[in-house]
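Have a look at the structure below before the remarks.
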Amino acid sequence: MKSVFNYFASLVILTNFGLFSFSEAKSDHKSFKNCDIFTGEWVLDNVTNLFYEKNECKYAGEWLSCLANGRPDSLYQKWRWQPRDCSLPRFNAKLLLHKLRGKRLMFVGDSIHMNQWESLICMVQSVIPPEKKSLHYVAKRSAYFKIENYNATLEFYWAPYLVESSADDTDSPSIGDDKSEPKVKPKSISKHGQHWKGADYLIFDTYAWWTRFPNLKFLSLDWHDPKAINCAEETTPIPNKSKHLNVGINRQLFKIAEKVTQSMKMPVHFLNITTLSEYRKDAHPSFYAISEANANVSLPERKKDPKTYADCIHWCLPGLPDTWNEFLYAKIISCY
């Protein structure tokens, strides 16, 4: 991985199911330099407006538009993350685009990362004139959002394992499909890495595919609701924030990743959003995600079989990925 990081110019970000890492940088924003923005709580906020309404953003797919797909409640959109010792800066799309002028920001990873990429597009697109923005697909699951008046792009590159694998070109990749276990080439990075050259900001995500989701458990007991099945019909976050939840996250992998990145020539450290995301059992799409697997299954039929059809992997939009992008925004404006 060291050789890959040599390709990148400004900011390197790694994500492992909600785990960001940024290269060291000097900051004039002292409030963030010494503040742990990932320790805090979810607070119900009925005052602050959403960053966007889904019907105002045509660039995000309908697959995670939970309200449009029949979800009856919208309370999951009202929770705001409040750090314990400081406050996140209010997201300013124009300021972010100013920081991104003449640059490429690229998300590399799986469908969870595509989730976040679509969120960021929706968070900035309203301040861009219609004739200056466009979405382009260059492959089945790789695309870029072009912002002409800033000469900038927000890009997504499909590489669920980061390294080369048989899941790179599949028509309908499915996390945890035991019938078609992907073949992975752990030492082969150049196939994808050549497409990352020249990117100024890179955000990586790969955790879900390496752990294979059949081994990941979504137990209602861990969420203090013994009657629930998976995340089906959950409408509020978990209030108990005193310890990590046991929902199958392999934290040993985080320790290994941290050890490896500490030995790299380019200093990298982790900014951890994993725990705060775990408590948002209400923010998953559950029955209200439309995919190739359930497109022909009616909502009443999906509700009858939550073990099969409740999507507890991805996140509704607008929703939790918007908060991830608030963290991304805070780091970019404070470091550059």
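Ordering of the structure tokens sets the chain letters (A, B, ...), residue numbers begin anew at 1 in every chain, and ligands are numbered from 1 in the order given.
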For this session: For His98 of chain A, please output as a list of chain:residue names all residues within 10 Å (counting only C-alpha atoms; exclusion window: fewer than 6 positions along the same chain).
Result: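 The residues that qualify are A:Tyr150, A:Ala152, A:Ile333.
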How about saving the chosen residues, C-alpha atoms kept, as a PDB file, in the first residue's frame?
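Printed below is again23.pdb as written:
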```
ATOM      1  CA  TYR A 150     -14.788  25.246 -10.114  1.00  0.00           C
ATOM      2  CA  ALA A 152     -13.498  20.166  -9.934  1.00  0.00           C
ATOM      3  CA  ILE A 333     -11.485  23.236   5.597  1.00  0.00           C
TER       4      ILE A 333
END
```
Problem set entry | Backbone DSSP call of helix (DSSP H, G or I) for segment 265-327 of chain A, listed as a ChimeraX atom specification | /A:274-278,281-283,299-303,306-309,320-327
For this session: Would you kindly return, as a ChimeraX atom specification, each protein, DNA or RNA residue with an atom no farther than 9 Å from any atom of Leu162 of chain A, considering only C-alpha atoms and excluding same-chain residues fewer than 4 positions away?
Result: /A:108-110,158,186,189,192-193,204-206
Can you spit out the residues from that selection as a PDB file, in the first residue's frame, using all heavy atoms?
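The file below, part-v3.pdb, is the result:
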```pdb
ATOM      1  N   VAL A 108     -13.248   5.655  -3.338  1.00  0.00           N
ATOM      2  CA  VAL A 108     -12.876   4.352  -3.886  1.00  0.00           C
ATOM      3  C   VAL A 108     -13.381   3.276  -2.937  1.00  0.00           C
ATOM      4  O   VAL A 108     -13.046   3.276  -1.758  1.00  0.00           O
ATOM      5  CB  VAL A 108     -11.347   4.219  -4.045  1.00  0.00           C
ATOM      6  CG1 VAL A 108     -10.982   2.849  -4.594  1.00  0.00           C
ATOM      7  CG2 VAL A 108     -10.801   5.319  -4.934  1.00  0.00           C
ATOM      8  N   GLY A 109     -14.210   2.368  -3.452  1.00  0.00           N
ATOM      9  CA  GLY A 109     -14.690   1.312  -2.575  1.00  0.00           C
ATOM     10  C   GLY A 109     -15.930   0.628  -3.082  1.00  0.00           C
ATOM     11  O   GLY A 109     -16.053   0.334  -4.275  1.00  0.00           O
ATOM     12  N   ASP A 110     -16.885   0.400  -2.178  1.00  0.00           N
ATOM     13  CA  ASP A 110     -18.054  -0.420  -2.463  1.00  0.00           C
ATOM     14  C   ASP A 110     -19.332   0.410  -2.451  1.00  0.00           C
ATOM     15  O   ASP A 110     -19.290   1.641  -2.519  1.00  0.00           O
ATOM     16  CB  ASP A 110     -18.134  -1.576  -1.455  1.00  0.00           C
ATOM     17  CG  ASP A 110     -18.168  -1.076  -0.012  1.00  0.00           C
ATOM     18  OD1 ASP A 110     -18.496   0.101   0.216  1.00  0.00           O
ATOM     19  OD2 ASP A 110     -17.848  -1.881   0.889  1.00  0.00           O
ATOM     20  N   TRP A 158     -15.410   2.101  -8.408  1.00  0.00           N
ATOM     21  CA  TRP A 158     -15.823   0.817  -7.828  1.00  0.00           C
ATOM     22  C   TRP A 158     -14.634  -0.128  -7.703  1.00  0.00           C
ATOM     23  O   TRP A 158     -14.039  -0.556  -8.696  1.00  0.00           O
ATOM     24  CB  TRP A 158     -16.908   0.179  -8.688  1.00  0.00           C
ATOM     25  CG  TRP A 158     -17.273  -1.218  -8.278  1.00  0.00           C
ATOM     26  CD1 TRP A 158     -16.815  -2.377  -8.804  1.00  0.00           C
ATOM     27  CD2 TRP A 158     -18.182  -1.594  -7.231  1.00  0.00           C
ATOM     28  NE1 TRP A 158     -17.381  -3.456  -8.165  1.00  0.00           N
ATOM     29  CE2 TRP A 158     -18.221  -3.009  -7.192  1.00  0.00           C
ATOM     30  CE3 TRP A 158     -18.973  -0.872  -6.335  1.00  0.00           C
ATOM     31  CZ2 TRP A 158     -19.015  -3.706  -6.290  1.00  0.00           C
ATOM     32  CZ3 TRP A 158     -19.760  -1.569  -5.435  1.00  0.00           C
ATOM     33  CH2 TRP A 158     -19.777  -2.968  -5.417  1.00  0.00           C
ATOM     34  N   PRO A 186      -4.679 -10.223  -3.408  1.00  0.00           N
ATOM     35  CA  PRO A 186      -4.305  -9.242  -2.388  1.00  0.00           C
ATOM     36  C   PRO A 186      -3.111  -8.357  -2.748  1.00  0.00           C
ATOM     37  O   PRO A 186      -3.005  -7.241  -2.257  1.00  0.00           O
ATOM     38  CB  PRO A 186      -3.979 -10.119  -1.166  1.00  0.00           C
ATOM     39  CG  PRO A 186      -4.698 -11.402  -1.412  1.00  0.00           C
ATOM     40  CD  PRO A 186      -4.665 -11.603  -2.895  1.00  0.00           C
ATOM     41  N   ILE A 189      -2.569  -4.288  -6.944  1.00  0.00           N
ATOM     42  CA  ILE A 189      -3.199  -2.988  -6.748  1.00  0.00           C
ATOM     43  C   ILE A 189      -3.101  -2.110  -7.985  1.00  0.00           C
ATOM     44  O   ILE A 189      -3.844  -1.136  -8.140  1.00  0.00           O
ATOM     45  CB  ILE A 189      -2.567  -2.257  -5.537  1.00  0.00           C
ATOM     46  CG1 ILE A 189      -3.431  -1.059  -5.091  1.00  0.00           C
ATOM     47  CG2 ILE A 189      -1.142  -1.810  -5.856  1.00  0.00           C
ATOM     48  CD1 ILE A 189      -4.726  -1.464  -4.459  1.00  0.00           C
ATOM     49  N   HIS A 192      -6.234  -1.032 -10.367  1.00  0.00           N
ATOM     50  CA  HIS A 192      -7.072   0.071  -9.905  1.00  0.00           C
ATOM     51  C   HIS A 192      -6.252   1.329  -9.650  1.00  0.00           C
ATOM     52  O   HIS A 192      -6.695   2.442  -9.936  1.00  0.00           O
ATOM     53  CB  HIS A 192      -7.804  -0.331  -8.628  1.00  0.00           C
ATOM     54  CG  HIS A 192      -8.766  -1.454  -8.811  1.00  0.00           C
ATOM     55  ND1 HIS A 192      -9.629  -1.519  -9.876  1.00  0.00           N
ATOM     56  CD2 HIS A 192      -8.999  -2.571  -8.057  1.00  0.00           C
ATOM     57  CE1 HIS A 192     -10.361  -2.627  -9.791  1.00  0.00           C
ATOM     58  NE2 HIS A 192      -9.995  -3.272  -8.697  1.00  0.00           N
ATOM     59  N   GLY A 193      -5.063   1.150  -9.094  1.00  0.00           N
ATOM     60  CA  GLY A 193      -4.257   2.288  -8.690  1.00  0.00           C
ATOM     61  C   GLY A 193      -3.937   3.256  -9.813  1.00  0.00           C
ATOM     62  O   GLY A 193      -3.824   4.471  -9.588  1.00  0.00           O
ATOM     63  N   PHE A 204     -11.134   5.930   0.899  1.00  0.00           N
ATOM     64  CA  PHE A 204     -11.217   4.495   0.640  1.00  0.00           C
ATOM     65  C   PHE A 204     -12.210   3.815   1.586  1.00  0.00           C
ATOM     66  O   PHE A 204     -12.331   4.194   2.749  1.00  0.00           O
ATOM     67  CB  PHE A 204      -9.853   3.823   0.831  1.00  0.00           C
ATOM     68  CG  PHE A 204      -8.829   4.213  -0.188  1.00  0.00           C
ATOM     69  CD1 PHE A 204      -7.895   5.192   0.107  1.00  0.00           C
ATOM     70  CD2 PHE A 204      -8.790   3.598  -1.417  1.00  0.00           C
ATOM     71  CE1 PHE A 204      -6.940   5.558  -0.823  1.00  0.00           C
ATOM     72  CE2 PHE A 204      -7.842   3.954  -2.355  1.00  0.00           C
ATOM     73  CZ  PHE A 204      -6.913   4.934  -2.061  1.00  0.00           C
ATOM     74  N   ASP A 205     -12.870   2.803   1.084  1.00  0.00           N
ATOM     75  CA  ASP A 205     -13.760   1.975   1.897  1.00  0.00           C
ATOM     76  C   ASP A 205     -13.700   0.547   1.374  1.00  0.00           C
ATOM     77  O   ASP A 205     -13.822   0.313   0.176  1.00  0.00           O
ATOM     78  CB  ASP A 205     -15.196   2.480   1.812  1.00  0.00           C
ATOM     79  CG  ASP A 205     -16.168   1.455   2.374  1.00  0.00           C
ATOM     80  OD1 ASP A 205     -16.182   1.289   3.602  1.00  0.00           O
ATOM     81  OD2 ASP A 205     -16.883   0.829   1.575  1.00  0.00           O
ATOM     82  N   THR A 206     -13.519  -0.422   2.290  1.00  0.00           N
ATOM     83  CA  THR A 206     -13.425  -1.801   1.833  1.00  0.00           C
ATOM     84  C   THR A 206     -13.813  -2.813   2.893  1.00  0.00           C
ATOM     85  O   THR A 206     -13.910  -3.983   2.620  1.00  0.00           O
ATOM     86  CB  THR A 206     -11.988  -2.109   1.353  1.00  0.00           C
ATOM     87  OG1 THR A 206     -11.931  -3.425   0.805  1.00  0.00           O
ATOM     88  CG2 THR A 206     -10.992  -2.004   2.492  1.00  0.00           C
TER      89      THR A 206
END
```
For this session: Identify, on the basis of only C-alpha atoms, every residue whose closest approach to Asn149 of chain A does not exceed 10 Å; exclude the query and any residue fewer than 4 positions from it along the same chain; express the result as an NGL selection string.
Result: :A and (97 or 101-102 or 128-129 or 131-133)
Exercise. So how many Å separate atom CA of Trp315 of chain A and atom CA of Leu67 of chain A, to one decimal?
Worked result: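 Distance reported for this atom pair: 12.2 Å.
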Write out as a PDB file with N, CA, C and O atoms, in the first residue's frame which residues come within 10 Å of Ser87 of chain A when counting only C-alpha atoms, dropping same-chain ones fewer than 3 positions away.
```pdb
ATOM      1  N   SER A  31      -9.737  24.876  17.175  1.00  0.00           N
ATOM      2  CA  SER A  31     -10.857  24.206  17.840  1.00  0.00           C
ATOM      3  C   SER A  31     -10.955  22.748  17.429  1.00  0.00           C
ATOM      4  O   SER A  31     -11.483  21.933  18.175  1.00  0.00           O
ATOM      5  N   PHE A  32     -10.449  22.429  16.227  1.00  0.00           N
ATOM      6  CA  PHE A  32     -10.497  21.044  15.767  1.00  0.00           C
ATOM      7  C   PHE A  32      -9.198  20.313  16.029  1.00  0.00           C
ATOM      8  O   PHE A  32      -9.174  19.098  16.116  1.00  0.00           O
ATOM      9  N   CYS A  35      -9.620  18.693  19.385  1.00  0.00           N
ATOM     10  CA  CYS A  35     -10.966  18.250  19.752  1.00  0.00           C
ATOM     11  C   CYS A  35     -11.267  16.890  19.145  1.00  0.00           C
ATOM     12  O   CYS A  35     -11.050  16.674  17.953  1.00  0.00           O
ATOM     13  N   ILE A  37     -13.836  15.075  17.739  1.00  0.00           N
ATOM     14  CA  ILE A  37     -15.186  15.327  17.232  1.00  0.00           C
ATOM     15  C   ILE A  37     -16.008  14.051  17.131  1.00  0.00           C
ATOM     16  O   ILE A  37     -17.196  14.099  16.818  1.00  0.00           O
ATOM     17  N   GLY A  40     -19.198  12.040  21.444  1.00  0.00           N
ATOM     18  CA  GLY A  40     -20.316  12.939  21.653  1.00  0.00           C
ATOM     19  C   GLY A  40     -21.611  12.177  21.727  1.00  0.00           C
ATOM     20  O   GLY A  40     -21.642  11.038  22.210  1.00  0.00           O
ATOM     21  N   TRP A  81     -25.297  15.042  15.096  1.00  0.00           N
ATOM     22  CA  TRP A  81     -24.180  14.626  15.954  1.00  0.00           C
ATOM     23  C   TRP A  81     -23.586  15.843  16.647  1.00  0.00           C
ATOM     24  O   TRP A  81     -23.213  16.829  16.005  1.00  0.00           O
ATOM     25  N   GLN A  82     -23.501  15.768  17.976  1.00  0.00           N
ATOM     26  CA  GLN A  82     -22.943  16.842  18.778  1.00  0.00           C
ATOM     27  C   GLN A  82     -21.696  16.351  19.500  1.00  0.00           C
ATOM     28  O   GLN A  82     -21.788  15.567  20.446  1.00  0.00           O
ATOM     29  N   PRO A  83     -20.493  16.770  19.060  1.00  0.00           N
ATOM     30  CA  PRO A  83     -19.274  16.407  19.790  1.00  0.00           C
ATOM     31  C   PRO A  83     -19.328  16.916  21.220  1.00  0.00           C
ATOM     32  O   PRO A  83     -19.954  17.942  21.509  1.00  0.00           O
ATOM     33  N   ARG A  84     -18.642  16.208  22.103  1.00  0.00           N
ATOM     34  CA  ARG A  84     -18.696  16.547  23.530  1.00  0.00           C
ATOM     35  C   ARG A  84     -17.993  17.865  23.844  1.00  0.00           C
ATOM     36  O   ARG A  84     -18.477  18.660  24.669  1.00  0.00           O
ATOM     37  N   ARG A  90     -20.905  24.407  10.575  1.00  0.00           N
ATOM     38  CA  ARG A  90     -22.045  24.208   9.684  1.00  0.00           C
ATOM     39  C   ARG A  90     -21.532  24.043   8.255  1.00  0.00           C
ATOM     40  O   ARG A  90     -20.722  24.831   7.779  1.00  0.00           O
TER      41      ARG A  90
END
```
Exercise. For Ile332 of chain A, which residue among A:Asn151, A:Ser263, A:Asn92, A:Thr236 is the nearest when counting only C-alpha atoms?
Worked result: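 Going through A:Asn151, A:Ser263, A:Asn92, A:Thr236 one by one, the smallest distance to Ile332 of chain A is for A:Asn92.
Here atom CA of Asn272 of chain A is placed at a distance of 28.7 Å from atom CA of Lys191 of chain A.
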Exercise. A:Asp85, A:Trp117, A:Pro160, A:Ala143: which is nearest Thr39 of chain A, counting only C-alpha atoms?
Worked result: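 Residue with the minimum atom-to-atom distance to Thr39 of chain A: A:Asp85.
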For this session: Go ahead and compute the interatomic distance for atom CA of Tyr157 of chain A and atom CA of Leu135 of chain A, in Å to one decimal.
Result: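 Rounded to one decimal, the two atoms are 13.6 Å apart.
Shortest atom-to-atom contact with Ala232 of chain A among A:Gln262, A:Thr308, A:Ser190, A:Asn325: A:Thr308, counting only C-alpha atoms.
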Exercise. Which is closest to Cys66 of chain A among A:Leu253, A:Ile121, A:Cys335, A:Leu317, if we use only C-alpha atoms?
Worked result: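 Among A:Leu253, A:Ile121, A:Cys335, A:Leu317, it is A:Leu317 that comes nearest to Cys66 of chain A.
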Problem set entry | For Ile112 of chain A, the nearest of the candidates A:Phe287, A:Tyr207, A:Phe145, A:Tyr201, counting only C-alpha atoms |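 Among A:Phe287, A:Tyr207, A:Phe145, A:Tyr201, it is A:Tyr207 that comes nearest to Ile112 of chain A.
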Exercise. Which is closer to Gly198 of chain A than all the others in A:Leu64, A:Val163, A:Met106, A:Ala295, using only C-alpha atoms?
Worked result: A:Met106
